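These notes are about the structure you will find just below.
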Protein chains: 2
Amino acid sequence: MNKVEPKTLSGFMELLPNEQVLFNQMQDKIRMVYEKFGFLPIDTPVIEASEVLLAKAGGETEKQLYSFSKGDSNLTLRFDLTVPLAKYVAEYYNQITFPFRRYQIGKVYRGERAQRGRFREFYQCDIDVIGDSDLNVINDAEIPAIIYETFKVLELENFTIHINNRKILNGLFIEANVQDKSADIMRTIDKIDKIGKEVVIAIFKDDYKMSQKSIETIIDFIEIDGTTDEKINKLEQLNIKNEVYIEGVKELKQVVKYIRLFNVPNEAFEIDLSIARGLDYYTGTVYETFLNDYKSVGSVCSGGRYNELAEYYTDKNLPGVGMSIGLTRLFFILNDIGLIKTDKKSISDVLVISMVEDLSKSIEVANILRSAKINTQIYFDNKKIKTKFKYADKLNIPYVIVIGEDEIKSGLLTIKDMIHGTQEQLPIEQIITKLS
Amino acid sequence: MNKVEPKTLSGFMELLPNEQVLFNQMQDKIRMVYEKFGFLPIDTPVIEASEVLLAKAGGETEKQLYSFSKGDSNLTLRFDLTVPLAKYVAEYYNQITFPFRRYQIGKVYRGERAQRGRFREFYQCDIDVIGDSDLNVINDAEIPAIIYETFKVLELENFTIHINNRKILNGLFIEANVQDKSADIMRTIDKIDKIGKEVVIAIFKDDYKMSQKSIETIIDFIEIDGTTDEKINKLEQLNIKNEVYIEGVKELKQVVKYIRLFNVPNEAFEIDLSIARGLDYYTGTVYETFLNDYKSVGSVCSGGRYNELAEYYTDKNLPGVGMSIGLTRLFFILNDIGLIKTDKKSISDVLVISMVEDLSKSIEVANILRSAKINTQIYFDNKKIKTKFKYADKLNIPYVIVIGEDEIKSGLLTIKDMIHGTQEQLPIEQIITKLS
């Protein structure tokens with residue numbers, strides 16, 4: 001028979017079981033934290049009608065879409081979990097209780113150019129709180145608290161949540177009368193560490209034709225530094241009269257106050273006036289999260305506040321705030337930099353190995369262990385004892401119970417600790433205690 | 001702005017959060033049982049190269065495929081989890097430890113004609129054990145034990161696992177010299193309850209031109225009834241000399257012996273000589289599982305033994321045995337017949353409601369409860385107290401903690417039991433004990 005090469009598409013992560021166990025464990029932990037904060041699960045389809053999914057999309061995203069037709073339907077695979085959420089909230093508006101706190105963990109699809117660390121299918125783990133007409137700013141402070149808790153539970157110690165408020169930037173640009181150049185200005189500011197302040201000023205003056213006063217306003221702003229409280233003080237003292245700016249600073253101050261009440265330590269977050277997170281979606285608080293030792297990989301958890309979740313589907317005013325963890329990419333990064341240990345994880349707590357042909361006793365022991373919620377596997381195949389132990393070793397199963405003539409007679413079971421190489425003979429009750 | 005109607009595609013299940021909580025709970029329970037039996041997780045992509053996924057497919061399946069091209073790749077959404085498993089085992093053969101016990105829970109896609117209770121996107125929850133060259137028949141007995149345990153954990157009390165062995169049917173048809181008519185004969189036998197034995201015999205004789213002896217052999221076989229042990233005795237006494245038949249009966253007898261050792265009670269399984277599960281894939285033991293009170297919905301969990309998992313990809317001989325639960329359909333059926341109660345589930349254990357504007361105390365209490373692993377939500381928005389209680393009620397949150405001036409002064413918190421309508425004042429430590 002002609003064989004087809006069994007090949008997984010490039011850009012699609014597929015893990016070996018020992019890695020998958022860890023991936024799933026991370027996913028479970030994220031879900032556990034989201035539920036601890038009272039978020040409800042939803043699970044929207046991977047496929048949606050193209051007109052629904054693309055009501056808003058455009059530009060770069062459109063090129064990356066997996067779109068196709070089936071019968072007379074034009075279909076598209078979801079490229080994020082936010083647009084499906086907008087559809088969901090508009091579709092079931094009357095059945096939803098607001099504020100609607102939902103989480104969704106699922107795969108999304110983007111046909112990006114294939115390159116190392118970029119995935120075409122990847123998991124997003126999203127939370128959002130959607131209000132009906134209004135939504136208290138304390139929600140903006142709870143999101144960083146959830147990011148903090150999640151990253152702690154994932155055992156990522158050294159990270160910083162960067163926080164800004166889009167209103168501050170918008171107000172600043174209005175005050176400096178450079179709204180129309182805001183994207184260019186943000187991009188230039190982003191490069192200040194590389195090119196230096198003088199070059200930035202030159203670009204502002206020569207390329208963007210900005211007035212001396214505008215340049216001063218912007219430069220005074222980007223030179224703000226210090227502790228979180230110092231930054232807030234300086235923002236307040238900049239003598240900017242624009243109302244949007246003033247509202248942004250007030251919101252940021254409130255968010256910082258409440259973040260602290262949520263017990264997020266000062267070293268885990270900082271005000272970062274340079275983050276904007278795209279220009280057309282977020283309207284208030286924005287977040288990015290960086291691994292301090294690996295800042296070059298970029299933000300690993302981002303989000304923010306938006307005014308209108310579902311304006312393409314409904315007239316209802318649905319403000320929201322949320323964040324997303326790109327789990328596939330995060331797993332790849334952590335694995336790449338060696339922060340994930342894939343060699344120590346096992347699904348089974350114990351492997352039962354028989355020295356005799358009749359497996360009755362092995363099955364009886366496994367039944368009892370499983371009743372006690374101990375993950376138990378029996379080695380069924382008639383192989384050499386060495387092969388059976390090697391199997392436990394390869395799968396990192398931490399304990400092996402050996403059942404031979406002696407064990408069947410005495411009722412005591414031999415249990416071998418595969419990590420320390422020790423073994424002892426115990427009655428089943430003590431084995432349960434040991435493994436529980 | 002022109003609005004797009006926010007509409008989910010027909011044939012795609014999308015649940016409200018209170019239903020989704022239950023769906024996820026079922027999925028968690030299934031996963032927990034699979035892991036208890038030592039199965040390892042894998043997670044293959046939803047999209048595969050068409051030539052890989054369709055190496056084997058054909059006929060009815062092909063019409064239902066979601067296939068499309070992207071760039072110069074022909075892609076197809078997976079229609080089951082078995083073909084991806086075959087690809088996976090062939091692709092990572094050298095990195096896999098055999099026998100390979102894997103589970104996968106994921107969405108699959110079939111563009112079936114839309115009708116009530118039929119889904120185009122649905123979850124399958126699969127387990128398979130794959131051997132390298134050989135695989136002990138005890139594995140065939142462990143699968144029904146896992147089905148039994150899973151259904152018990154799902155609190156489905158009244159179900160029966162039907163078991164047969166394809167070798168018995170194949171051997172029977174060879175013995176009766178009617179191999180070429182086996183599909184027709186099976187279909188006719190299927191109707192015997194409706195049309196009666198005499199009509200079946202007439203069809204055998206007149207339509208299929210079967211000999212008197214062949215007809216007798218088949219009729220003697222299908223008339224076998226009684227208890228499990230009586231059926232095995234009768235199968236042995238049928239005086240069929242065909243070796244495949246004899247091997248099939250021997251395997252079935254072994255499987256029954258071991259199923260009992262796995263503590264599956266006699267009333268939970270039966271030998272059903274009429275099930276075949278398609279004609280070209282399974283080669284030995286086959287299973288179907290029926291809800292006794294709702295047999296008309298068909299099998300809700302099926303599987304069996306196959307000789308060659310991955311023959312389209314590799315020369316390696318990879319026998320396996322497994323089963324699959326179609327969770328989306330099972331959930332739909334259980335919901336439809338009222339076996340699922342969607343009105344009593346909550347993600348949050350408690351809602352914290354403040355009577356004062358300053359939420360500091362509410363946040364402090366929530367922090368403490370969450371540290372104690374209690375799912376806790378705070379009501380942030382400044383609404384009437386009645387609205388806040390209504391929110392807890394709508395989300396079925398079982399307890400509400402009320403924080404007002406008195407509570408802040410005394411340190412005692414008012415906790416209201418939303419189900420029984422009672423309330424008491426307790427220190428936080430006692431509330432933790434109560435909610436844990």
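All residue names refer to the structure tokens as shown: chains lettered A, B, ... in order, residues numbered from 1 in each chain, ligands numbered from 1 in order.
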So which residues touch region 208-218 of chain B within 10 Å, counting only C-alpha atoms, skipping near sequence neighbours fewer than 5 positions away, as a ChimeraX atom specification? /B:169,172-178,181,184-185,189,200-203,223,238-240
Write out, as an mmCIF file, in the first residue's frame, the residues just selected, with N, CA and C atoms.
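Everything below was put into result25.cif:
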data_model
loop_
_atom_site.group_PDB
_atom_site.id
_atom_site.type_symbol
_atom_site.label_atom_id
_atom_site.label_comp_id
_atom_site.auth_asym_id
_atom_site.auth_seq_id
_atom_site.Cartn_x
_atom_site.Cartn_y
_atom_site.Cartn_z
ATOM 1 N N LEU B 169 -18.969 -12.955 14.146
ATOM 2 C CA LEU B 169 -19.810 -12.702 12.967
ATOM 3 C C LEU B 169 -19.089 -13.112 11.691
ATOM 4 N N LEU B 172 -18.926 -16.839 11.468
ATOM 5 C CA LEU B 172 -20.273 -17.364 11.188
ATOM 6 C C LEU B 172 -20.607 -17.263 9.705
ATOM 7 N N PHE B 173 -20.313 -16.103 9.121
ATOM 8 C CA PHE B 173 -20.636 -15.884 7.706
ATOM 9 C C PHE B 173 -19.775 -16.767 6.804
ATOM 10 N N ILE B 174 -18.525 -17.000 7.210
ATOM 11 C CA ILE B 174 -17.677 -17.915 6.437
ATOM 12 C C ILE B 174 -18.256 -19.334 6.529
ATOM 13 N N GLU B 175 -18.594 -19.737 7.765
ATOM 14 C CA GLU B 175 -19.144 -21.078 7.994
ATOM 15 C C GLU B 175 -20.402 -21.294 7.142
ATOM 16 N N ALA B 176 -21.235 -20.254 7.065
ATOM 17 C CA ALA B 176 -22.483 -20.357 6.305
ATOM 18 C C ALA B 176 -22.258 -20.053 4.823
ATOM 19 N N ASN B 177 -20.998 -19.759 4.488
ATOM 20 C CA ASN B 177 -20.628 -19.493 3.097
ATOM 21 C C ASN B 177 -21.404 -18.309 2.494
ATOM 22 N N VAL B 178 -21.587 -17.260 3.298
ATOM 23 C CA VAL B 178 -22.334 -16.090 2.824
ATOM 24 C C VAL B 178 -21.569 -14.787 3.108
ATOM 25 N N LYS B 181 -22.516 -11.661 1.316
ATOM 26 C CA LYS B 181 -23.822 -11.050 1.595
ATOM 27 C C LYS B 181 -23.921 -10.539 3.043
ATOM 28 N N ASP B 184 -25.859 -7.299 3.878
ATOM 29 C CA ASP B 184 -27.310 -7.450 3.661
ATOM 30 C C ASP B 184 -27.939 -8.290 4.772
ATOM 31 N N ILE B 185 -27.262 -9.353 5.115
ATOM 32 C CA ILE B 185 -27.800 -10.255 6.146
ATOM 33 C C ILE B 185 -27.909 -9.522 7.484
ATOM 34 N N ILE B 189 -31.291 -8.943 9.632
ATOM 35 C CA ILE B 189 -31.398 -9.411 11.022
ATOM 36 C C ILE B 189 -31.829 -8.269 11.935
ATOM 37 N N VAL B 200 -37.855 -12.971 7.673
ATOM 38 C CA VAL B 200 -36.392 -12.962 7.549
ATOM 39 C C VAL B 200 -35.940 -14.202 6.777
ATOM 40 N N ILE B 201 -36.485 -15.352 7.150
ATOM 41 C CA ILE B 201 -36.114 -16.605 6.458
ATOM 42 C C ILE B 201 -36.478 -16.521 4.976
ATOM 43 N N ALA B 202 -37.644 -15.948 4.698
ATOM 44 C CA ALA B 202 -38.081 -15.816 3.303
ATOM 45 C C ALA B 202 -37.126 -14.930 2.509
ATOM 46 N N ILE B 203 -36.693 -13.830 3.125
ATOM 47 C CA ILE B 203 -35.747 -12.930 2.443
ATOM 48 C C ILE B 203 -34.426 -13.650 2.174
ATOM 49 N N GLU B 223 -30.857 -16.743 17.246
ATOM 50 C CA GLU B 223 -31.822 -17.093 18.285
ATOM 51 C C GLU B 223 -31.181 -17.318 19.644
ATOM 52 N N LEU B 238 -22.652 -24.370 19.272
ATOM 53 C CA LEU B 238 -23.290 -24.255 17.942
ATOM 54 C C LEU B 238 -22.683 -25.187 16.905
ATOM 55 N N ASN B 239 -21.587 -25.809 17.271
ATOM 56 C CA ASN B 239 -20.940 -26.750 16.351
ATOM 57 C C ASN B 239 -20.420 -26.064 15.088
ATOM 58 N N ILE B 240 -19.941 -24.847 15.259
ATOM 59 C CA ILE B 240 -19.299 -24.153 14.145
ATOM 60 C C ILE B 240 -17.801 -24.398 14.251
#
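Every protein, DNA or RNA residue with an atom at most 8 Å from Glu14 (chain A), where only C-alpha atoms count and chain neighbours fewer than 3 positions away do not, is listed here: Thr8 of chain A; Asp43, Thr44 and Pro45 of chain B.
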Using only C-alpha atoms, determine which residues lie at most 10 Å from Leu369 (chain A), disregarding the query and same-chain residues fewer than 2 positions distant; provide the list as a PyMOL selection string. (chain A and resi 349-350+363-367+371-377+428-429+431-432+435-436) or (chain B and resi 36)
Can you write out the residues you just picked, keeping all heavy atoms, as a short mmCIF file (atom, residue, chain, number, x, y, z; two decimals), in the first residue's frame?
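Dumped everything to result_10.cif:
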data_model
loop_
_atom_site.label_atom_id
_atom_site.label_comp_id
_atom_site.auth_asym_id
_atom_site.auth_seq_id
_atom_site.Cartn_x
_atom_site.Cartn_y
_atom_site.Cartn_z
N ASP A 349 -0.31 7.69 39.07
CA ASP A 349 0.41 7.72 40.35
C ASP A 349 1.19 6.44 40.55
O ASP A 349 2.20 6.42 41.23
CB ASP A 349 -0.59 7.91 41.50
CG ASP A 349 -1.40 9.18 41.36
OD1 ASP A 349 -0.79 10.24 41.10
OD2 ASP A 349 -2.64 9.12 41.47
N VAL A 350 0.67 5.36 39.97
CA VAL A 350 1.28 4.06 40.23
C VAL A 350 1.02 3.10 39.07
O VAL A 350 -0.03 3.17 38.41
CB VAL A 350 0.75 3.48 41.58
CG1 VAL A 350 -0.76 3.28 41.54
CG2 VAL A 350 1.44 2.17 41.96
N ILE A 363 -5.65 -6.72 39.08
CA ILE A 363 -6.88 -5.97 38.79
C ILE A 363 -7.58 -5.60 40.09
O ILE A 363 -8.05 -4.47 40.27
CB ILE A 363 -7.81 -6.79 37.86
CG1 ILE A 363 -7.14 -6.94 36.47
CG2 ILE A 363 -9.17 -6.13 37.73
CD1 ILE A 363 -7.88 -7.85 35.51
N GLU A 364 -7.62 -6.55 41.04
CA GLU A 364 -8.26 -6.28 42.34
C GLU A 364 -7.58 -5.11 43.04
O GLU A 364 -8.26 -4.20 43.55
CB GLU A 364 -8.16 -7.56 43.19
CG GLU A 364 -8.86 -7.46 44.54
CD GLU A 364 -8.43 -8.59 45.47
OE1 GLU A 364 -8.26 -9.75 45.00
OE2 GLU A 364 -8.23 -8.31 46.67
N VAL A 365 -6.26 -5.11 43.04
CA VAL A 365 -5.51 -4.01 43.67
C VAL A 365 -5.79 -2.69 42.96
O VAL A 365 -6.05 -1.66 43.60
CB VAL A 365 -3.99 -4.33 43.68
CG1 VAL A 365 -3.17 -3.09 44.04
CG2 VAL A 365 -3.70 -5.47 44.64
N ALA A 366 -5.79 -2.71 41.63
CA ALA A 366 -6.04 -1.48 40.86
C ALA A 366 -7.45 -0.96 41.14
O ALA A 366 -7.64 0.25 41.30
CB ALA A 366 -5.86 -1.74 39.37
N ASN A 367 -8.43 -1.87 41.22
CA ASN A 367 -9.81 -1.45 41.54
C ASN A 367 -9.85 -0.68 42.86
O ASN A 367 -10.49 0.38 42.97
CB ASN A 367 -10.73 -2.66 41.67
CG ASN A 367 -11.01 -3.34 40.33
OD1 ASN A 367 -10.83 -2.75 39.28
ND2 ASN A 367 -11.45 -4.59 40.38
N SER A 371 -10.65 3.33 43.41
CA SER A 371 -11.75 3.76 44.28
C SER A 371 -11.28 4.84 45.25
O SER A 371 -12.06 5.68 45.68
CB SER A 371 -12.30 2.59 45.10
OG SER A 371 -12.76 1.60 44.25
N ALA A 372 -9.99 4.78 45.60
CA ALA A 372 -9.42 5.78 46.50
C ALA A 372 -8.87 6.98 45.73
O ALA A 372 -8.07 7.75 46.26
CB ALA A 372 -8.33 5.14 47.35
N LYS A 373 -9.31 7.11 44.47
CA LYS A 373 -8.95 8.26 43.62
C LYS A 373 -7.46 8.33 43.29
O LYS A 373 -6.90 9.41 43.07
CB LYS A 373 -9.40 9.59 44.25
CG LYS A 373 -10.90 9.62 44.42
CD LYS A 373 -11.43 10.97 44.78
CE LYS A 373 -12.95 10.87 44.86
NZ LYS A 373 -13.66 12.04 45.17
N ILE A 374 -6.82 7.18 43.27
CA ILE A 374 -5.41 7.12 42.88
C ILE A 374 -5.33 6.69 41.42
O ILE A 374 -5.91 5.66 41.04
CB ILE A 374 -4.64 6.15 43.80
CG1 ILE A 374 -4.61 6.72 45.22
CG2 ILE A 374 -3.24 5.88 43.27
CD1 ILE A 374 -4.27 5.72 46.28
N ASN A 375 -4.68 7.51 40.58
CA ASN A 375 -4.56 7.17 39.16
C ASN A 375 -3.66 5.94 39.00
O ASN A 375 -2.48 5.98 39.35
CB ASN A 375 -3.97 8.34 38.37
CG ASN A 375 -4.93 9.51 38.27
OD1 ASN A 375 -6.06 9.45 38.77
ND2 ASN A 375 -4.49 10.57 37.62
N THR A 376 -4.24 4.87 38.50
CA THR A 376 -3.57 3.58 38.52
C THR A 376 -3.61 2.92 37.16
O THR A 376 -4.65 2.85 36.51
CB THR A 376 -4.28 2.63 39.52
OG1 THR A 376 -4.40 3.29 40.78
CG2 THR A 376 -3.52 1.32 39.68
N GLN A 377 -2.47 2.44 36.71
CA GLN A 377 -2.41 1.71 35.47
C GLN A 377 -1.89 0.31 35.75
O GLN A 377 -1.02 0.12 36.60
CB GLN A 377 -1.48 2.46 34.50
CG GLN A 377 -1.43 1.84 33.13
CD GLN A 377 -0.50 2.59 32.20
OE1 GLN A 377 -0.14 3.74 32.46
NE2 GLN A 377 -0.12 1.95 31.12
N ILE A 428 -2.42 -2.93 51.64
CA ILE A 428 -3.02 -1.99 50.68
C ILE A 428 -3.46 -0.67 51.34
O ILE A 428 -3.31 0.39 50.75
CB ILE A 428 -4.20 -2.67 49.92
CG1 ILE A 428 -4.79 -1.74 48.84
CG2 ILE A 428 -5.31 -3.11 50.86
CD1 ILE A 428 -4.28 -1.99 47.47
N GLU A 429 -3.95 -0.77 52.60
CA GLU A 429 -4.42 0.45 53.27
C GLU A 429 -3.28 1.47 53.41
O GLU A 429 -3.49 2.67 53.22
CB GLU A 429 -4.98 0.14 54.67
CG GLU A 429 -6.18 -0.80 54.70
CD GLU A 429 -5.80 -2.26 54.46
OE1 GLU A 429 -4.62 -2.63 54.70
OE2 GLU A 429 -6.66 -3.03 53.99
N ILE A 431 -0.64 1.59 51.55
CA ILE A 431 -0.25 2.06 50.21
C ILE A 431 -1.16 3.21 49.80
O ILE A 431 -0.71 4.22 49.25
CB ILE A 431 -0.28 0.89 49.20
CG1 ILE A 431 0.92 -0.02 49.48
CG2 ILE A 431 -0.27 1.41 47.77
CD1 ILE A 431 1.08 -1.18 48.55
N ILE A 432 -2.45 3.09 50.10
CA ILE A 432 -3.40 4.16 49.78
C ILE A 432 -2.98 5.45 50.49
O ILE A 432 -2.92 6.52 49.89
CB ILE A 432 -4.85 3.76 50.17
CG1 ILE A 432 -5.34 2.67 49.23
CG2 ILE A 432 -5.78 4.96 50.14
CD1 ILE A 432 -6.67 2.05 49.60
N LEU A 435 0.08 6.96 48.82
CA LEU A 435 -0.11 7.53 47.48
C LEU A 435 -1.11 8.69 47.45
O LEU A 435 -1.17 9.43 46.48
CB LEU A 435 -0.56 6.44 46.50
CG LEU A 435 0.44 5.29 46.25
CD1 LEU A 435 -0.13 4.29 45.27
CD2 LEU A 435 1.77 5.83 45.73
N SER A 436 -1.89 8.84 48.51
CA SER A 436 -2.94 9.86 48.46
C SER A 436 -2.39 11.27 48.63
O SER A 436 -1.39 11.47 49.26
CB SER A 436 -3.98 9.57 49.55
OG SER A 436 -4.73 8.43 49.18
N LYS B 36 -7.68 8.52 35.72
CA LYS B 36 -7.63 7.53 36.80
C LYS B 36 -7.18 6.18 36.27
O LYS B 36 -6.56 5.38 36.99
CB LYS B 36 -9.00 7.42 37.47
CG LYS B 36 -8.96 6.73 38.81
CD LYS B 36 -10.02 7.25 39.76
CE LYS B 36 -11.36 6.60 39.49
NZ LYS B 36 -12.35 6.97 40.52
#
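Picture a line from CA of Gln430 (chain A) to CA of Pro398 (chain A); it runs 16.4 Å.
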Selection near region 334-343 of chain A, 8 Å with only C-alpha atoms, sequence-local residues under 2 positions removed, as a short mmCIF file (atom, residue, chain, number, x, y, z; two decimals) with N, CA and C atoms, in the first residue's frame:
data_model
loop_
_atom_site.label_atom_id
_atom_site.label_comp_id
_atom_site.auth_asym_id
_atom_site.auth_seq_id
_atom_site.Cartn_x
_atom_site.Cartn_y
_atom_site.Cartn_z
N ASN A 18 4.13 13.99 27.64
CA ASN A 18 4.72 14.56 28.87
C ASN A 18 4.69 16.08 28.85
N GLU A 19 4.77 16.67 27.64
CA GLU A 19 4.62 18.13 27.53
C GLU A 19 3.15 18.51 27.65
N LEU A 22 1.81 19.01 31.10
CA LEU A 22 2.16 20.32 31.67
C LEU A 22 1.34 21.45 31.07
N LEU A 330 2.88 31.40 25.26
CA LEU A 330 3.50 31.45 26.59
C LEU A 330 4.18 30.12 26.91
N PHE A 331 3.49 29.02 26.60
CA PHE A 331 4.07 27.69 26.83
C PHE A 331 5.34 27.50 26.02
N PHE A 332 5.27 27.93 24.75
CA PHE A 332 6.44 27.80 23.88
C PHE A 332 7.62 28.58 24.46
N LYS A 345 6.68 14.76 35.00
CA LYS A 345 5.24 14.72 35.17
C LYS A 345 4.67 13.38 34.72
N ASN A 396 7.68 8.20 33.65
CA ASN A 396 7.89 8.93 34.93
C ASN A 396 6.87 8.56 36.00
#
Taking into account only C-alpha atoms, which residue in the set A:Arg277, A:Lys394, A:Arg118, A:Arg187 is nearest to chain B? A:Lys394
Between A:Asp272, A:Glu5, A:Asp229, A:Glu267, which one has atoms that come closest to Lys253 (chain A), using only C-alpha atoms? A:Asp229
With distances taken over only C-alpha atoms, which residue among B:Ser324, B:Gln95, B:Asn307, B:Ser274 lies nearest chain A? B:Gln95
Which residues are close to region 62-69 of chain B, i.e. within 12 Å by only C-alpha atoms, leaving aside same-chain residues fewer than 4 positions away? Reply as a PyMOL selection string. (chain A and resi 47+65-71+73-77+111) or (chain B and resi 46-51+53-58+73-80+108-114+119-121)
Distance table requested - region 133-165 of chain A against region 383-386 of chain B, cut-off 12 Å, only C-alpha atoms: one row per qualifying residue with the closest atom pair and its distance in Å to one decimal, ordered by chain and rising residue number, as a Markdown table.
| residue | atom | partner | partner_atom | distance |
| --- | --- | --- | --- | --- |
| A:Asp134 | CA | B:Lys383 | CA | 10.9 |
| A:Leu135 | CA | B:Lys383 | CA | 11.0 |
| A:Asn136 | CA | B:Lys383 | CA | 10.6 |
Mind writing the picked residues with N, CA and C atoms as a compact mmCIF listing (two decimals), in the first residue's frame?
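Full text of selection-v4.txt as output:
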# COMPACT_ATOMS: atom_id res chain seq x y z
N ASP A 134 -23.11 50.82 31.97
CA ASP A 134 -21.98 51.33 32.75
C ASP A 134 -21.23 50.19 33.41
N LEU A 135 -20.02 50.50 33.84
CA LEU A 135 -19.16 49.48 34.46
C LEU A 135 -18.14 50.20 35.33
N ASN A 136 -18.21 49.93 36.63
CA ASN A 136 -17.36 50.58 37.62
C ASN A 136 -15.87 50.39 37.32
Per-residue DSSP, region 138-343 of chain B, filtered to strand (DSSP E or B), as an MDAnalysis selection string: chainID B and resid 159:165 269:271 285:291 301:306 320:326
Take the residues that were just selected and, keeping N, CA and C atoms, output them as a short mmCIF file (atom, residue, chain, number, x, y, z; two decimals), in the first residue's frame.
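Now in part.cif:
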data_model
loop_
_atom_site.label_atom_id
_atom_site.label_comp_id
_atom_site.auth_asym_id
_atom_site.auth_seq_id
_atom_site.Cartn_x
_atom_site.Cartn_y
_atom_site.Cartn_z
N PHE B 159 -27.96 2.14 32.38
CA PHE B 159 -27.37 1.98 31.04
C PHE B 159 -26.84 0.55 30.89
N THR B 160 -26.67 0.10 29.66
CA THR B 160 -26.11 -1.22 29.41
C THR B 160 -25.07 -1.15 28.31
N ILE B 161 -23.92 -1.73 28.59
CA ILE B 161 -22.85 -1.81 27.59
C ILE B 161 -23.05 -3.11 26.80
N HIS B 162 -23.31 -2.97 25.51
CA HIS B 162 -23.49 -4.15 24.64
C HIS B 162 -22.14 -4.54 24.05
N ILE B 163 -21.84 -5.83 24.13
CA ILE B 163 -20.52 -6.30 23.69
C ILE B 163 -20.68 -7.42 22.67
N ASN B 164 -19.88 -7.38 21.63
CA ASN B 164 -19.83 -8.46 20.65
C ASN B 164 -18.39 -8.60 20.20
N ASN B 165 -18.14 -9.58 19.34
CA ASN B 165 -16.81 -9.73 18.76
C ASN B 165 -16.98 -9.97 17.26
N PHE B 269 -23.71 -4.85 31.68
CA PHE B 269 -23.23 -5.21 30.34
C PHE B 269 -23.96 -6.46 29.85
N GLU B 270 -24.00 -6.64 28.56
CA GLU B 270 -24.58 -7.87 28.00
C GLU B 270 -23.94 -8.19 26.66
N ILE B 271 -23.93 -9.47 26.33
CA ILE B 271 -23.49 -9.88 25.01
C ILE B 271 -24.62 -9.59 24.04
N THR B 285 -13.35 -7.30 19.39
CA THR B 285 -14.36 -6.83 20.33
C THR B 285 -14.99 -5.51 19.85
N VAL B 286 -16.30 -5.41 19.96
CA VAL B 286 -16.97 -4.13 19.69
C VAL B 286 -17.94 -3.80 20.83
N TYR B 287 -18.14 -2.51 21.05
CA TYR B 287 -19.02 -2.02 22.13
C TYR B 287 -20.02 -1.00 21.62
N GLU B 288 -21.20 -1.03 22.20
CA GLU B 288 -22.13 0.09 22.09
C GLU B 288 -22.78 0.25 23.47
N THR B 289 -23.13 1.46 23.83
CA THR B 289 -23.71 1.69 25.15
C THR B 289 -25.06 2.39 25.00
N PHE B 290 -26.05 1.85 25.64
CA PHE B 290 -27.41 2.39 25.52
C PHE B 290 -27.94 2.84 26.87
N LEU B 291 -28.68 3.96 26.86
CA LEU B 291 -29.46 4.36 28.02
C LEU B 291 -30.75 3.55 27.96
N CYS B 301 -22.05 5.68 23.41
CA CYS B 301 -20.62 5.47 23.64
C CYS B 301 -20.23 4.16 22.96
N SER B 302 -19.39 4.23 21.96
CA SER B 302 -19.09 3.06 21.15
C SER B 302 -17.59 2.93 20.93
N GLY B 303 -17.21 1.73 20.49
CA GLY B 303 -15.80 1.53 20.20
C GLY B 303 -15.50 0.09 19.88
N GLY B 304 -14.22 -0.26 19.96
CA GLY B 304 -13.85 -1.63 19.69
C GLY B 304 -12.37 -1.81 19.40
N ARG B 305 -12.07 -3.02 18.98
CA ARG B 305 -10.69 -3.44 18.69
C ARG B 305 -10.44 -3.37 17.19
N TYR B 306 -9.28 -2.88 16.81
CA TYR B 306 -8.89 -2.82 15.39
C TYR B 306 -7.46 -3.34 15.24
N GLY B 320 -5.02 -1.78 18.15
CA GLY B 320 -5.53 -0.93 19.23
C GLY B 320 -6.93 -1.29 19.63
N VAL B 321 -7.35 -0.70 20.75
CA VAL B 321 -8.74 -0.83 21.19
C VAL B 321 -9.10 0.48 21.87
N GLY B 322 -10.34 0.92 21.65
CA GLY B 322 -10.72 2.21 22.22
C GLY B 322 -12.20 2.45 22.19
N MET B 323 -12.57 3.61 22.66
CA MET B 323 -13.99 3.99 22.63
C MET B 323 -14.10 5.51 22.62
N SER B 324 -15.28 5.97 22.25
CA SER B 324 -15.52 7.40 22.09
C SER B 324 -16.88 7.78 22.65
N ILE B 325 -16.91 8.88 23.39
CA ILE B 325 -18.18 9.44 23.85
C ILE B 325 -18.43 10.73 23.06
N GLY B 326 -19.56 10.80 22.38
CA GLY B 326 -19.92 12.04 21.68
C GLY B 326 -20.59 12.96 22.68
#
As an exercise, work out the distance from CA of Tyr245 (chain B) to CA of Lys167 (chain B) in Å and give it to one decimal place.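 Those two atoms sit 5.6 Å apart.
Among the candidates A:Gly196, A:Pro41, A:Gly11, A:Gly226, the one nearest to chain B when counting only C-alpha atoms is A:Pro41.
Omitting Ala145 (chain A) and its sequence neighbours fewer than 5 positions away, and counting only C-alpha atoms, the residues within 9 Å are Thr150, Ile259, Arg260, Phe262, Asn263 and Val264 of chain A.
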Residues of region 23-232 of chain B in alpha helix (DSSP H), written as a PyMOL selection string: chain B and resi 23-36+50-53+60-63+82-91+138-153+166-175+182-190+192-195+197-202+212-222+228-232
